[in-house]
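Structure file data_16.tsv with TSV, C-alpha atoms:
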```tsv
chain	number	residue	atom	x	y	z
Z	30	MET	CA	21.40	-4.04	-19.35
Z	31	LEU	CA	21.22	-6.40	-16.38
Z	32	TYR	CA	22.31	-5.11	-12.98
Z	33	ASP	CA	23.76	-8.15	-11.35
Z	34	THR	CA	25.80	-9.20	-8.33
Z	35	PRO	CA	27.67	-12.44	-7.61
Z	36	ARG	CA	26.79	-14.91	-4.82
Z	37	ALA	CA	23.31	-13.60	-3.91
Z	38	PRO	CA	20.57	-16.12	-4.81
Z	39	ASN	CA	18.13	-13.85	-6.64
Z	40	PRO	CA	20.52	-12.48	-9.26
Z	41	ARG	CA	21.68	-16.07	-9.79
Z	42	ARG	CA	18.10	-17.07	-10.59
Z	43	VAL	CA	18.16	-14.63	-13.50
Z	44	ARG	CA	21.61	-15.81	-14.65
Z	45	ILE	CA	20.46	-19.44	-14.77
Z	46	PHE	CA	17.21	-18.41	-16.46
Z	47	LEU	CA	19.28	-16.69	-19.18
Z	48	ALA	CA	21.73	-19.61	-19.47
Z	49	GLU	CA	18.81	-22.01	-19.99
Z	50	LYS	CA	17.62	-19.81	-22.86
Z	51	GLY	CA	21.14	-19.38	-24.25
Z	52	ILE	CA	20.99	-15.59	-23.95
Z	53	GLU	CA	23.75	-13.23	-22.90
Z	54	LEU	CA	22.88	-9.74	-21.77
Z	55	PRO	CA	25.26	-6.86	-21.14
Z	56	THR	CA	25.78	-6.70	-17.40
Z	57	THR	CA	26.75	-4.16	-14.77
Z	58	SER	CA	28.00	-5.58	-11.49
Z	59	VAL	CA	26.65	-3.97	-8.30
Z	60	ASP	CA	28.78	-4.24	-5.16
Z	61	ILE	CA	26.01	-5.02	-2.67
Z	62	MET	CA	28.38	-5.78	0.22
Z	63	ALA	CA	29.68	-2.22	-0.12
Z	64	GLY	CA	26.06	-1.01	-0.08
Z	65	GLN	CA	26.11	0.36	-3.65
Z	66	GLN	CA	22.41	-0.51	-4.01
Z	67	PHE	CA	21.58	1.89	-1.18
Z	68	GLY	CA	23.36	4.79	-2.87
Z	69	GLU	CA	21.25	7.68	-4.10
Z	70	GLU	CA	22.21	7.07	-7.70
Z	71	TYR	CA	21.07	3.42	-7.71
Z	72	LEU	CA	17.85	4.15	-5.84
Z	73	ALA	CA	16.96	7.11	-8.07
Z	74	LYS	CA	17.47	5.03	-11.18
Z	75	MET	CA	15.92	1.71	-10.07
Z	76	GLY	CA	13.18	2.90	-7.70
Z	77	SER	CA	14.29	0.10	-5.39
Z	78	HIS	CA	17.49	-1.05	-3.70
Z	79	ASN	CA	17.04	-4.54	-5.08
Z	80	VAL	CA	19.41	-6.42	-7.35
Z	81	PRO	CA	18.83	-7.77	-9.98
Z	82	ALA	CA	17.36	-4.97	-12.08
Z	83	LEU	CA	16.81	-4.98	-15.83
Z	84	GLU	CA	17.13	-1.77	-17.84
Z	85	LEU	CA	15.43	-1.83	-21.22
Z	86	SER	CA	16.77	0.09	-24.21
Z	87	ASP	CA	14.27	2.92	-23.63
Z	88	GLY	CA	15.42	3.32	-20.03
Z	89	THR	CA	12.50	1.44	-18.48
Z	90	ILE	CA	13.54	-0.37	-15.31
Z	91	LEU	CA	12.23	-3.68	-14.01
Z	92	THR	CA	13.16	-5.09	-10.62
Z	93	GLU	CA	11.99	-8.19	-8.72
Z	94	THR	CA	13.49	-11.44	-9.95
Z	95	VAL	CA	10.31	-13.18	-11.09
Z	96	ALA	CA	9.01	-10.04	-12.83
Z	97	VAL	CA	12.32	-9.80	-14.70
Z	98	CYS	CA	12.13	-13.50	-15.63
Z	99	ARG	CA	8.53	-13.15	-16.80
Z	100	TYR	CA	9.49	-10.30	-19.10
Z	101	LEU	CA	12.48	-12.24	-20.47
Z	102	GLU	CA	10.26	-15.29	-21.05
Z	103	ALA	CA	7.97	-13.21	-23.29
Z	104	LEU	CA	10.97	-11.96	-25.28
Z	105	TYR	CA	12.71	-15.34	-25.49
Z	106	PRO	CA	9.95	-17.94	-25.19
Z	107	GLU	CA	12.11	-21.06	-25.72
Z	108	PRO	CA	12.87	-23.19	-23.83
Z	109	ASN	CA	9.72	-22.46	-21.84
Z	110	LEU	CA	10.41	-22.05	-18.11
Z	111	LEU	CA	7.17	-20.46	-16.84
Z	112	GLY	CA	4.51	-22.82	-18.18
Z	113	ARG	CA	2.90	-23.64	-21.53
Z	114	ASP	CA	-0.72	-23.43	-20.39
Z	115	PRO	CA	-2.55	-21.71	-17.54
Z	116	LEU	CA	-2.48	-24.71	-15.22
Z	117	GLU	CA	1.22	-25.38	-15.71
Z	118	ALA	CA	2.00	-21.69	-15.30
Z	119	ALA	CA	0.05	-21.58	-12.03
Z	120	ARG	CA	1.75	-24.73	-10.79
Z	121	ILE	CA	5.24	-23.40	-11.55
Z	122	GLU	CA	4.44	-20.12	-9.82
Z	123	MET	CA	3.00	-22.02	-6.85
Z	124	TRP	CA	6.10	-24.19	-6.41
Z	125	SER	CA	8.50	-21.32	-6.90
Z	126	ARG	CA	6.67	-19.32	-4.22
Z	127	ARG	CA	6.51	-22.27	-1.87
Z	128	VAL	CA	10.30	-22.57	-2.09
Z	129	GLU	CA	10.68	-18.84	-1.46
Z	130	PHE	CA	8.55	-18.99	1.67
Z	131	GLN	CA	9.45	-22.41	3.04
Z	132	LEU	CA	13.19	-22.25	2.50
Z	133	MET	CA	14.57	-19.08	0.93
Z	134	LEU	CA	13.16	-16.68	3.52
Z	135	PRO	CA	14.37	-18.79	6.50
Z	136	ILE	CA	17.89	-19.02	4.99
Z	137	ALA	CA	17.84	-15.28	4.29
Z	138	ALA	CA	16.81	-14.68	7.93
Z	139	VAL	CA	19.64	-16.81	9.32
Z	140	SER	CA	22.24	-15.15	7.09
Z	141	ARG	CA	21.06	-11.54	6.95
Z	142	HIS	CA	20.29	-11.30	10.66
Z	143	GLY	CA	22.93	-13.68	11.97
Z	144	ILE	CA	26.13	-12.91	10.03
Z	145	PRO	CA	27.65	-9.60	11.19
Z	146	ALA	CA	29.03	-8.76	7.72
Z	147	MET	CA	25.49	-8.95	6.29
Z	148	LYS	CA	24.35	-6.03	8.41
Z	149	VAL	CA	24.93	-3.74	5.43
Z	150	LEU	CA	21.99	-5.48	3.67
Z	151	GLU	CA	19.51	-4.96	6.50
Z	152	GLY	CA	20.62	-1.73	8.18
Z	153	GLU	CA	19.85	-3.30	11.54
Z	154	GLN	CA	19.90	-6.95	12.48
Z	155	CYS	CA	17.63	-9.02	14.71
Z	156	PRO	CA	19.85	-11.91	15.93
Z	157	GLU	CA	16.89	-13.60	17.67
Z	158	TRP	CA	15.20	-13.90	14.28
Z	159	ALA	CA	18.31	-15.55	12.84
Z	160	GLU	CA	18.33	-18.13	15.63
Z	161	PHE	CA	14.57	-18.65	15.36
Z	162	ASN	CA	14.91	-19.57	11.69
Z	163	ARG	CA	17.57	-22.27	12.05
Z	164	ASP	CA	14.88	-24.88	12.75
Z	165	ARG	CA	12.84	-23.60	9.83
Z	166	VAL	CA	15.75	-24.21	7.47
Z	167	VAL	CA	15.86	-27.82	8.70
Z	168	SER	CA	12.11	-28.28	8.28
Z	169	GLY	CA	12.23	-26.49	4.92
Z	170	LEU	CA	14.82	-28.98	3.70
Z	171	ALA	CA	12.67	-31.88	4.89
Z	172	TRP	CA	9.71	-30.36	3.03
Z	173	LEU	CA	11.83	-30.06	-0.14
Z	174	GLU	CA	12.89	-33.70	0.17
Z	175	ARG	CA	9.26	-34.85	0.50
Z	176	SER	CA	8.29	-32.72	-2.49
Z	177	LEU	CA	11.08	-34.02	-4.72
Z	178	ALA	CA	10.48	-37.64	-3.70
Z	179	GLU	CA	7.23	-37.47	-5.63
Z	180	ARG	CA	8.55	-36.44	-9.05
Z	181	GLU	CA	11.55	-35.66	-11.19
Z	182	TRP	CA	11.25	-31.87	-11.20
Z	183	LEU	CA	9.73	-29.64	-8.60
Z	184	ALA	CA	6.67	-28.42	-10.52
Z	185	GLY	CA	6.07	-31.55	-12.59
Z	186	ASP	CA	7.71	-33.48	-15.40
Z	187	ARG	CA	10.06	-30.85	-16.71
Z	188	PHE	CA	12.60	-28.30	-15.51
Z	189	SER	CA	11.14	-24.86	-14.72
Z	190	LEU	CA	11.59	-21.64	-12.79
Z	191	ALA	CA	10.58	-23.56	-9.65
Z	192	ASP	CA	13.74	-25.68	-9.96
Z	193	ILE	CA	15.83	-22.57	-10.56
Z	194	THR	CA	14.42	-20.98	-7.40
Z	195	ALA	CA	15.14	-24.15	-5.44
Z	196	ILE	CA	18.68	-24.74	-6.74
Z	197	CYS	CA	19.65	-21.13	-5.96
Z	198	THR	CA	18.07	-21.45	-2.52
Z	199	VAL	CA	19.96	-24.65	-1.73
Z	200	GLY	CA	23.21	-23.12	-3.04
Z	201	PHE	CA	22.61	-20.09	-0.82
Z	202	MET	CA	22.89	-22.36	2.26
Z	203	ARG	CA	26.69	-22.39	1.89
Z	204	LEU	CA	26.62	-18.97	3.50
Z	205	ILE	CA	25.09	-20.34	6.69
Z	206	ARG	CA	27.18	-23.55	6.55
Z	207	VAL	CA	24.24	-25.88	6.11
Z	208	SER	CA	24.18	-28.58	3.46
Z	209	VAL	CA	21.58	-31.00	2.21
Z	210	PRO	CA	21.61	-34.00	4.62
Z	211	THR	CA	23.17	-37.10	3.04
Z	212	GLU	CA	19.95	-39.05	3.67
Z	213	HIS	CA	17.94	-36.65	1.47
Z	214	ALA	CA	18.35	-38.90	-1.55
Z	215	ALA	CA	15.63	-37.32	-3.68
Z	216	THR	CA	17.05	-33.82	-3.22
Z	217	LEU	CA	20.61	-34.95	-3.96
Z	218	ALA	CA	19.52	-36.82	-7.10
Z	219	TRP	CA	17.55	-33.77	-8.24
Z	220	MET	CA	20.59	-31.54	-7.65
Z	221	GLU	CA	22.64	-33.84	-9.87
Z	222	ARG	CA	19.97	-33.68	-12.58
Z	223	CYS	CA	20.08	-29.88	-12.37
Z	224	GLU	CA	23.90	-29.76	-12.52
Z	225	GLY	CA	23.82	-32.13	-15.49
Z	226	ARG	CA	22.04	-29.48	-17.56
Z	227	GLY	CA	25.25	-27.43	-17.73
Z	228	THR	CA	23.33	-24.21	-17.09
Z	229	MET	CA	23.65	-23.90	-13.30
Z	230	VAL	CA	26.04	-20.96	-13.60
Z	231	GLY	CA	27.49	-19.60	-10.37
V	28	MET	CA	-14.11	-24.79	-5.01
V	29	LEU	CA	-12.27	-21.97	-3.23
V	30	TYR	CA	-10.94	-22.63	0.27
V	31	ASP	CA	-11.24	-19.29	1.93
V	32	THR	CA	-11.04	-17.65	5.33
V	33	PRO	CA	-12.23	-14.23	6.53
V	34	ARG	CA	-9.94	-11.40	7.73
V	35	ALA	CA	-6.59	-12.74	6.48
V	36	PRO	CA	-5.14	-10.56	3.68
V	37	ASN	CA	-4.24	-13.23	1.14
V	38	PRO	CA	-7.67	-14.87	0.83
V	39	ARG	CA	-9.10	-11.35	0.56
V	40	ARG	CA	-6.84	-10.69	-2.43
V	41	VAL	CA	-8.56	-13.57	-4.23
V	42	ARG	CA	-12.04	-12.40	-3.17
V	43	ILE	CA	-11.42	-8.91	-4.55
V	44	PHE	CA	-9.87	-10.39	-7.71
V	45	LEU	CA	-13.07	-12.40	-8.24
V	46	ALA	CA	-15.32	-9.42	-7.41
V	47	GLU	CA	-13.50	-7.31	-10.01
V	48	LYS	CA	-14.22	-10.01	-12.59
V	49	GLY	CA	-17.79	-10.46	-11.41
V	50	ILE	CA	-17.30	-14.16	-10.67
V	51	GLU	CA	-18.69	-16.14	-7.79
V	52	LEU	CA	-17.10	-19.46	-6.87
V	53	PRO	CA	-18.40	-22.08	-4.47
V	54	THR	CA	-16.49	-21.57	-1.24
V	55	THR	CA	-15.47	-23.61	1.80
V	56	SER	CA	-14.49	-21.61	4.87
V	57	VAL	CA	-11.37	-22.75	6.74
V	58	ASP	CA	-11.11	-21.85	10.43
V	59	ILE	CA	-7.44	-20.83	10.50
V	60	MET	CA	-7.56	-19.49	14.07
V	61	ALA	CA	-8.58	-22.99	15.18
V	62	GLY	CA	-5.65	-24.37	13.17
V	63	GLN	CA	-7.82	-26.30	10.69
V	64	GLN	CA	-5.19	-25.70	7.96
V	65	PHE	CA	-2.65	-27.65	10.01
V	66	GLY	CA	-4.92	-30.67	10.28
V	67	GLU	CA	-3.87	-33.83	8.49
V	68	GLU	CA	-6.88	-33.76	6.23
V	69	TYR	CA	-6.21	-30.24	4.94
V	70	LEU	CA	-2.48	-30.85	4.48
V	71	ALA	CA	-3.00	-34.17	2.70
V	72	LYS	CA	-5.45	-32.59	0.29
V	73	MET	CA	-3.74	-29.23	-0.35
V	74	GLY	CA	-0.07	-30.17	-0.04
V	75	SER	CA	0.34	-26.97	1.97
V	76	HIS	CA	-1.19	-25.39	5.05
V	77	ASN	CA	-1.89	-22.20	3.17
V	78	VAL	CA	-5.25	-20.59	2.59
V	79	PRO	CA	-6.52	-19.72	-0.02
V	80	ALA	CA	-6.50	-22.90	-2.08
V	81	LEU	CA	-8.40	-23.54	-5.31
V	82	GLU	CA	-9.71	-26.99	-6.13
V	83	LEU	CA	-10.47	-27.59	-9.80
V	84	SER	CA	-13.27	-29.88	-10.95
V	85	ASP	CA	-10.78	-32.72	-11.61
V	86	GLY	CA	-9.44	-32.45	-8.05
V	87	THR	CA	-6.28	-30.53	-8.98
V	88	ILE	CA	-5.25	-28.17	-6.19
V	89	LEU	CA	-3.60	-24.77	-6.54
V	90	THR	CA	-2.32	-22.78	-3.58
V	91	GLU	CA	-0.41	-19.49	-3.35
V	92	THR	CA	-2.52	-16.41	-3.89
V	93	VAL	CA	-0.84	-15.06	-7.01
V	94	ALA	CA	-0.72	-18.50	-8.64
V	95	VAL	CA	-4.46	-18.85	-7.99
V	96	CYS	CA	-5.10	-15.38	-9.42
V	97	ARG	CA	-2.98	-16.11	-12.49
V	98	TYR	CA	-4.99	-19.23	-13.21
V	99	LEU	CA	-8.30	-17.38	-12.72
V	100	GLU	CA	-7.10	-14.58	-15.03
V	101	ALA	CA	-6.56	-17.13	-17.83
V	102	LEU	CA	-10.07	-18.51	-17.31
V	103	TYR	CA	-11.76	-15.12	-16.93
V	104	PRO	CA	-9.56	-12.66	-18.83
V	105	GLU	CA	-11.75	-9.56	-18.41
V	106	PRO	CA	-11.29	-7.12	-16.83
V	107	ASN	CA	-7.56	-7.68	-17.14
V	108	LEU	CA	-5.77	-7.44	-13.78
V	109	LEU	CA	-2.36	-8.98	-14.55
V	110	GLY	CA	-1.24	-7.02	-17.60
V	111	ARG	CA	-2.10	-6.85	-21.31
V	112	ASP	CA	1.45	-7.08	-22.65
V	113	PRO	CA	4.77	-8.42	-21.33
V	114	LEU	CA	5.96	-5.08	-19.98
V	115	GLU	CA	2.73	-4.29	-18.18
V	116	ALA	CA	2.58	-7.83	-16.78
V	117	ALA	CA	6.14	-7.50	-15.45
V	118	ARG	CA	5.40	-4.10	-13.96
V	119	ILE	CA	2.26	-5.34	-12.17
V	120	GLU	CA	4.16	-8.33	-10.80
V	121	MET	CA	7.01	-6.07	-9.72
V	122	TRP	CA	4.73	-3.69	-7.82
V	123	SER	CA	2.71	-6.46	-6.24
V	124	ARG	CA	5.91	-8.11	-4.99
V	125	ARG	CA	7.33	-4.82	-3.77
V	126	VAL	CA	4.21	-4.34	-1.63
V	127	GLU	CA	4.52	-7.89	-0.31
V	128	PHE	CA	8.12	-7.37	0.76
V	129	GLN	CA	8.07	-3.73	1.82
V	130	LEU	CA	4.81	-3.76	3.74
V	131	MET	CA	2.93	-7.06	3.91
V	132	LEU	CA	5.79	-9.09	5.41
V	133	PRO	CA	6.56	-6.47	8.11
V	134	ILE	CA	2.87	-6.28	9.08
V	135	ALA	CA	2.69	-10.07	9.13
V	136	ALA	CA	5.77	-10.15	11.38
V	137	VAL	CA	4.30	-7.67	13.86
V	138	SER	CA	0.98	-9.51	14.02
V	139	ARG	CA	2.02	-13.15	13.77
V	140	HIS	CA	4.95	-12.84	16.17
V	141	GLY	CA	3.54	-10.12	18.44
V	142	ILE	CA	-0.11	-11.02	19.05
V	143	PRO	CA	-0.39	-14.00	21.42
V	144	ALA	CA	-3.58	-15.33	19.75
V	145	MET	CA	-1.71	-15.55	16.43
V	146	LYS	CA	0.66	-18.16	17.83
V	147	VAL	CA	-1.50	-20.85	16.24
V	148	LEU	CA	-0.39	-19.60	12.81
V	149	GLU	CA	3.33	-19.80	13.54
V	150	GLY	CA	3.69	-22.63	16.02
V	151	GLU	CA	6.31	-20.60	17.87
V	152	GLN	CA	6.61	-16.84	18.04
V	153	CYS	CA	9.66	-14.57	18.01
V	154	PRO	CA	8.52	-11.41	19.85
V	155	GLU	CA	11.81	-9.61	19.08
V	156	TRP	CA	11.00	-9.96	15.38
V	157	ALA	CA	7.59	-8.41	15.93
V	158	GLU	CA	9.18	-5.41	17.67
V	159	PHE	CA	11.91	-5.15	15.05
V	160	ASN	CA	9.32	-4.82	12.30
V	161	ARG	CA	7.32	-1.95	13.79
V	162	ASP	CA	9.70	0.58	12.23
V	163	ARG	CA	9.55	-1.27	8.93
V	164	VAL	CA	5.78	-0.87	8.83
V	165	VAL	CA	6.26	2.88	9.26
V	166	SER	CA	8.91	3.06	6.53
V	167	GLY	CA	6.84	0.76	4.32
V	168	LEU	CA	3.90	3.16	4.59
V	169	ALA	CA	6.16	6.09	3.71
V	170	TRP	CA	7.41	4.13	0.68
V	171	LEU	CA	3.80	3.44	-0.38
V	172	GLU	CA	2.96	7.13	-0.09
V	173	ARG	CA	5.93	8.12	-2.27
V	174	SER	CA	4.97	5.47	-4.82
V	175	LEU	CA	1.32	6.56	-5.01
V	176	ALA	CA	2.23	10.26	-5.17
V	177	GLU	CA	3.58	9.59	-8.66
V	178	ARG	CA	0.50	8.08	-10.28
V	179	GLU	CA	-3.14	7.14	-9.95
V	180	TRP	CA	-2.70	3.39	-9.53
V	181	LEU	CA	0.23	1.52	-8.11
V	182	ALA	CA	1.50	-0.16	-11.28
V	183	GLY	CA	0.50	2.54	-13.76
V	184	ASP	CA	-2.61	4.10	-15.22
V	185	ARG	CA	-5.12	1.44	-14.33
V	186	PHE	CA	-6.21	-0.74	-11.42
V	187	SER	CA	-4.40	-4.08	-11.17
V	188	LEU	CA	-3.38	-6.92	-8.89
V	189	ALA	CA	-0.74	-4.59	-7.41
V	190	ASP	CA	-3.53	-2.36	-6.04
V	191	ILE	CA	-5.36	-5.41	-4.71
V	192	THR	CA	-2.21	-6.54	-2.90
V	193	ALA	CA	-1.73	-3.06	-1.46
V	194	ILE	CA	-5.34	-2.49	-0.36
V	195	CYS	CA	-5.42	-5.86	1.42
V	196	THR	CA	-2.08	-5.08	3.04
V	197	VAL	CA	-3.25	-1.69	4.30
V	198	GLY	CA	-6.51	-3.23	5.56
V	199	PHE	CA	-4.51	-5.88	7.39
V	200	MET	CA	-2.93	-3.14	9.57
V	201	ARG	CA	-6.13	-2.96	11.62
V	202	LEU	CA	-4.90	-6.07	13.37
V	203	ILE	CA	-1.79	-4.29	14.65
V	204	ARG	CA	-3.68	-1.04	15.31
V	205	VAL	CA	-1.81	1.02	12.78
V	206	SER	CA	-3.55	3.25	10.27
V	207	VAL	CA	-2.42	5.30	7.31
V	208	PRO	CA	-1.13	8.63	8.68
V	209	THR	CA	-3.50	11.52	7.94
V	210	GLU	CA	-0.70	13.37	6.12
V	211	HIS	CA	-0.36	10.55	3.57
V	212	ALA	CA	-2.68	12.30	1.14
V	213	ALA	CA	-1.78	10.23	-1.92
V	214	THR	CA	-2.40	6.94	-0.12
V	215	LEU	CA	-5.71	8.14	1.34
V	216	ALA	CA	-6.91	9.40	-2.05
V	217	TRP	CA	-5.91	6.10	-3.67
V	218	MET	CA	-7.80	4.18	-0.96
V	219	GLU	CA	-10.90	6.20	-1.78
V	220	ARG	CA	-10.49	5.45	-5.49
V	221	CYS	CA	-10.21	1.75	-4.63
V	222	GLU	CA	-13.29	1.83	-2.38
V	223	GLY	CA	-15.20	3.68	-5.10
V	224	ARG	CA	-14.94	0.64	-7.35
V	225	GLY	CA	-17.44	-1.24	-5.16
V	226	THR	CA	-15.38	-4.41	-5.33
V	227	MET	CA	-13.27	-4.09	-2.18
V	228	VAL	CA	-15.15	-6.89	-0.46
V	229	GLY	CA	-14.18	-7.63	3.14
```
Final structure tokens representation of the file:
Amino acid sequence: MLYDTPRAPNPRRVRIFLAEKGIELPTTSVDIMAGQQFGEEYLAKMGSHNVPALELSDGTILTETVAVCRYLEALYPEPNLLGRDPLEAARIEMWSRRVEFQLMLPIAAVSRHGIPAMKVLEGEQCPEWAEFNRDRVVSGLAWLERSLAEREWLAGDRFSLADITAICTVGFMRLIRVSVPTEHAATLAWMERCEGRGTMVG
Amino acid sequence: MLYDTPRAPNPRRVRIFLAEKGIELPTTSVDIMAGQQFGEEYLAKMGSHNVPALELSDGTILTETVAVCRYLEALYPEPNLLGRDPLEAARIEMWSRRVEFQLMLPIAAVSRHGIPAMKVLEGEQCPEWAEFNRDRVVSGLAWLERSLAEREWLAGDRFSLADITAICTVGFMRLIRVSVPTEHAATLAWMERCEGRGTMVG
């Protein structure tokens, strides 16, 4: 059973990961904007207020997007999304983490600390941190453009978790009303390649 | 060749990882407080301003601590630190990430945005963000205590990368003059168990 929620970028990473592998899992939707993940019942069961969470048939719970993906990759190895050998696996992890830190965290800061309705996700907000991160989103996008100018897919010559992380991160910018600049040709072409796969579920 | 730097928590994660496996790698020290990682030479070579970085004999570069550790684990599989089966691997990754988000990021915020000398690491500082995170360090420590009260090691019944992440995170608190509260008996006992391994290199 997958505990999922629409719109947020991390649960979407898992949904695209599953779509790439052609798997459907039974799903429970968590209303994060109503704070359901902070309820005692959710916390007691998951050991974390994070969504997504994966419940195995014996009741074991896994949270943290990449941990969930890594487990699913072992169960459903094809198509491979986490690397076929140690070097490729390290490279995919490296690029996925770079996207998280260079772009996903700044966007999360701008939205979670700058949009009043997102207060439920943070408890308290730090508006100065939201403002501070606006420039980092811009420089993160420039970094992504430079990275994608060098090759077809983020971590090398084939689609991987790193691309999933990046496409969900870029999609997440809608919330803060930022889009990829029209002059970022490499990023826009890469986004089209991703969309062309037919697996970039919402 | 490992590009390393003293005191910072992430390079220390790799040093402890190597000590656990009994490996020594040739090392180059990077002076991060002088901003060497922002120099053109470092950036051009590593593709990132992060330390640690691992340079393979063919010149391939890996950055991002956990990506580096994952590659080293494939090369030197014993003792296993990243999981022996898919479920254990997912659990170790989950706990290591939880520590990063619940405790390492708040400590990093307090230090990197609150200590004037750390400005070199961020370019600009957001002092409000440093203040905002002081409470999160306290709640992160309480979360760690609850987690360690349930078992001997963070991710289960044996020492793993999750413990390495946590011990480096707790050690990193020296910088912001916070220590584990004396009433956190489970955390203090776990720290002693870690130290007893003889591999918690500085």
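Near (9.6, -25.5, -14.2), the residues that fall inside 10 Å on the basis of only C-alpha atoms are Asn109, Leu110, Leu111, Gly112, Glu117, Ala118, Arg120, Ile121, Glu122, Trp124, Ser125, Trp182, Leu183, Ala184, Gly185, Asp186, Arg187, Phe188, Ser189, Leu190, Ala191, Asp192, Ile193 and Thr194 of chain Z.
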Selection to disk with C-alpha atoms, as a CSV table (one decimal), in the frame of the given file:
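Heads up, here's the output in selection-v1.csv:
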```csv
chain,number,residue,atom,x,y,z
Z,109,ASN,CA,9.7,-22.5,-21.8
Z,110,LEU,CA,10.4,-22.0,-18.1
Z,111,LEU,CA,7.2,-20.5,-16.8
Z,112,GLY,CA,4.5,-22.8,-18.2
Z,117,GLU,CA,1.2,-25.4,-15.7
Z,118,ALA,CA,2.0,-21.7,-15.3
Z,120,ARG,CA,1.8,-24.7,-10.8
Z,121,ILE,CA,5.2,-23.4,-11.6
Z,122,GLU,CA,4.4,-20.1,-9.8
Z,124,TRP,CA,6.1,-24.2,-6.4
Z,125,SER,CA,8.5,-21.3,-6.9
Z,182,TRP,CA,11.2,-31.9,-11.2
Z,183,LEU,CA,9.7,-29.6,-8.6
Z,184,ALA,CA,6.7,-28.4,-10.5
Z,185,GLY,CA,6.1,-31.6,-12.6
Z,186,ASP,CA,7.7,-33.5,-15.4
Z,187,ARG,CA,10.1,-30.8,-16.7
Z,188,PHE,CA,12.6,-28.3,-15.5
Z,189,SER,CA,11.1,-24.9,-14.7
Z,190,LEU,CA,11.6,-21.6,-12.8
Z,191,ALA,CA,10.6,-23.6,-9.6
Z,192,ASP,CA,13.7,-25.7,-10.0
Z,193,ILE,CA,15.8,-22.6,-10.6
Z,194,THR,CA,14.4,-21.0,-7.4
```
From CA of Met218 (chain V) to CA of Val137 (chain V) the spacing works out at 22.5 Å
With a cut-off of 8 Å, could you pull out the residues of chain V touching chain Z and give me the nearest pair of atoms for each, distance in Å to one decimal, using all atoms listed in the file, ordered by chain and ascending number, as a tab-separated table?
```
residue	atom	partner	partner_atom	distance
V:Leu89	CA	Z:Arg120	CA	6.8
V:Thr90	CA	Z:Met123	CA	6.3
V:Glu91	CA	Z:Met123	CA	5.5
V:Val93	CA	Z:Glu122	CA	7.8
V:Ala94	CA	Z:Ala119	CA	4.6
V:Val95	CA	Z:Ala119	CA	6.6
V:Arg97	CA	Z:Ala119	CA	6.3
V:Tyr98	CA	Z:Pro115	CA	5.6
V:Ala101	CA	Z:Pro115	CA	6.1
V:Pro113	CA	Z:Tyr100	CA	5.5
V:Leu114	CA	Z:Tyr100	CA	6.4
V:Ala116	CA	Z:Tyr100	CA	7.7
V:Ala117	CA	Z:Ala96	CA	4.6
V:Arg118	CA	Z:Leu91	CA	6.8
V:Glu120	CA	Z:Ala96	CA	5.5
V:Met121	CA	Z:Ala96	CA	5.4
V:Arg124	CA	Z:Glu93	CA	7.1
V:Arg125	CA	Z:Glu93	CA	7.6
V:Cys153	CA	Z:Trp158	CA	6.7
V:Glu155	CA	Z:Glu157	CA	6.6
V:Trp156	CA	Z:Trp158	CA	5.9
V:Phe159	CA	Z:Cys155	CA	6.9
```
So that all listed atoms of region 41-56 of chain V fit with 8 Å spare on each side, what axis-aligned box centre and edge lengths in Å, to one decimal, would you give as JSON?
```
{"center_x": -13.6, "center_y": -15.5, "center_z": -3.9, "size_x": 26.1, "size_y": 32.3, "size_z": 33.5}
```
How many Å separate CA of Ile203 (chain V) from CA of Gly143 (chain Z)?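 The value is 26.6 Å.
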Between Z:Arg175, Z:Asp87, Z:Gly227, Z:Pro81, which has the minimum distance to Pro38 (chain Z) (counting all atoms listed in the file)?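 The answer is Z:Pro81, which sits nearest to Pro38 (chain Z).
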Please identify all polymer residues within 10 Å of Arg206 (chain Z), counting all atoms listed in the file, omitting same-chain residues fewer than 4 positions from it, and present them as a PyMOL selection string. chain Z and resi 140+201-202
Can you pull out every residue within 7 Å of Met30 (chain Z), counting all atoms listed in the file, but drop anything in the same chain fewer than 2 positions away, and send it as a PyMOL selection string? chain Z and resi 32+54-56+83-85
Neighbours of Thr211 (chain Z) within 12 Å (all atoms listed in the file; same-chain residues fewer than 6 positions away dropped), as a PyMOL selection string? chain Z and resi 170-171+174+217-218
Could the residues in this selection be saved with C-alpha atoms as a PDB file, in the coordinates of the input?
```
ATOM      1  CA  LEU Z 170      14.820 -28.980   3.700  1.00  0.00           C
ATOM      2  CA  ALA Z 171      12.670 -31.880   4.890  1.00  0.00           C
ATOM      3  CA  GLU Z 174      12.890 -33.700   0.170  1.00  0.00           C
ATOM      4  CA  LEU Z 217      20.610 -34.950  -3.960  1.00  0.00           C
ATOM      5  CA  ALA Z 218      19.520 -36.820  -7.100  1.00  0.00           C
TER       6      ALA Z 218
END
```
Pairwise distance for CA of Leu150 (chain Z) and CA of Met62 (chain Z), rounded to one decimal in Å: 7.3 Å
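Closest approach to Cys195 (chain V) among V:Thr214, V:Gln63, V:Asn37, V:Gln129 is made by V:Asn37 (distances from all atoms listed in the file).
Residues in contact with Glu51 (chain V) at 12 Å, where only C-alpha atoms are counted and same-chain residues fewer than 2 positions away are skipped, are listed as V:Met28, V:Leu29, V:Val41, V:Arg42, V:Ile43, V:Phe44, V:Leu45, V:Ala46, V:Glu47, V:Lys48, V:Gly49, V:Pro53, V:Thr54, V:Leu99, V:Tyr103.
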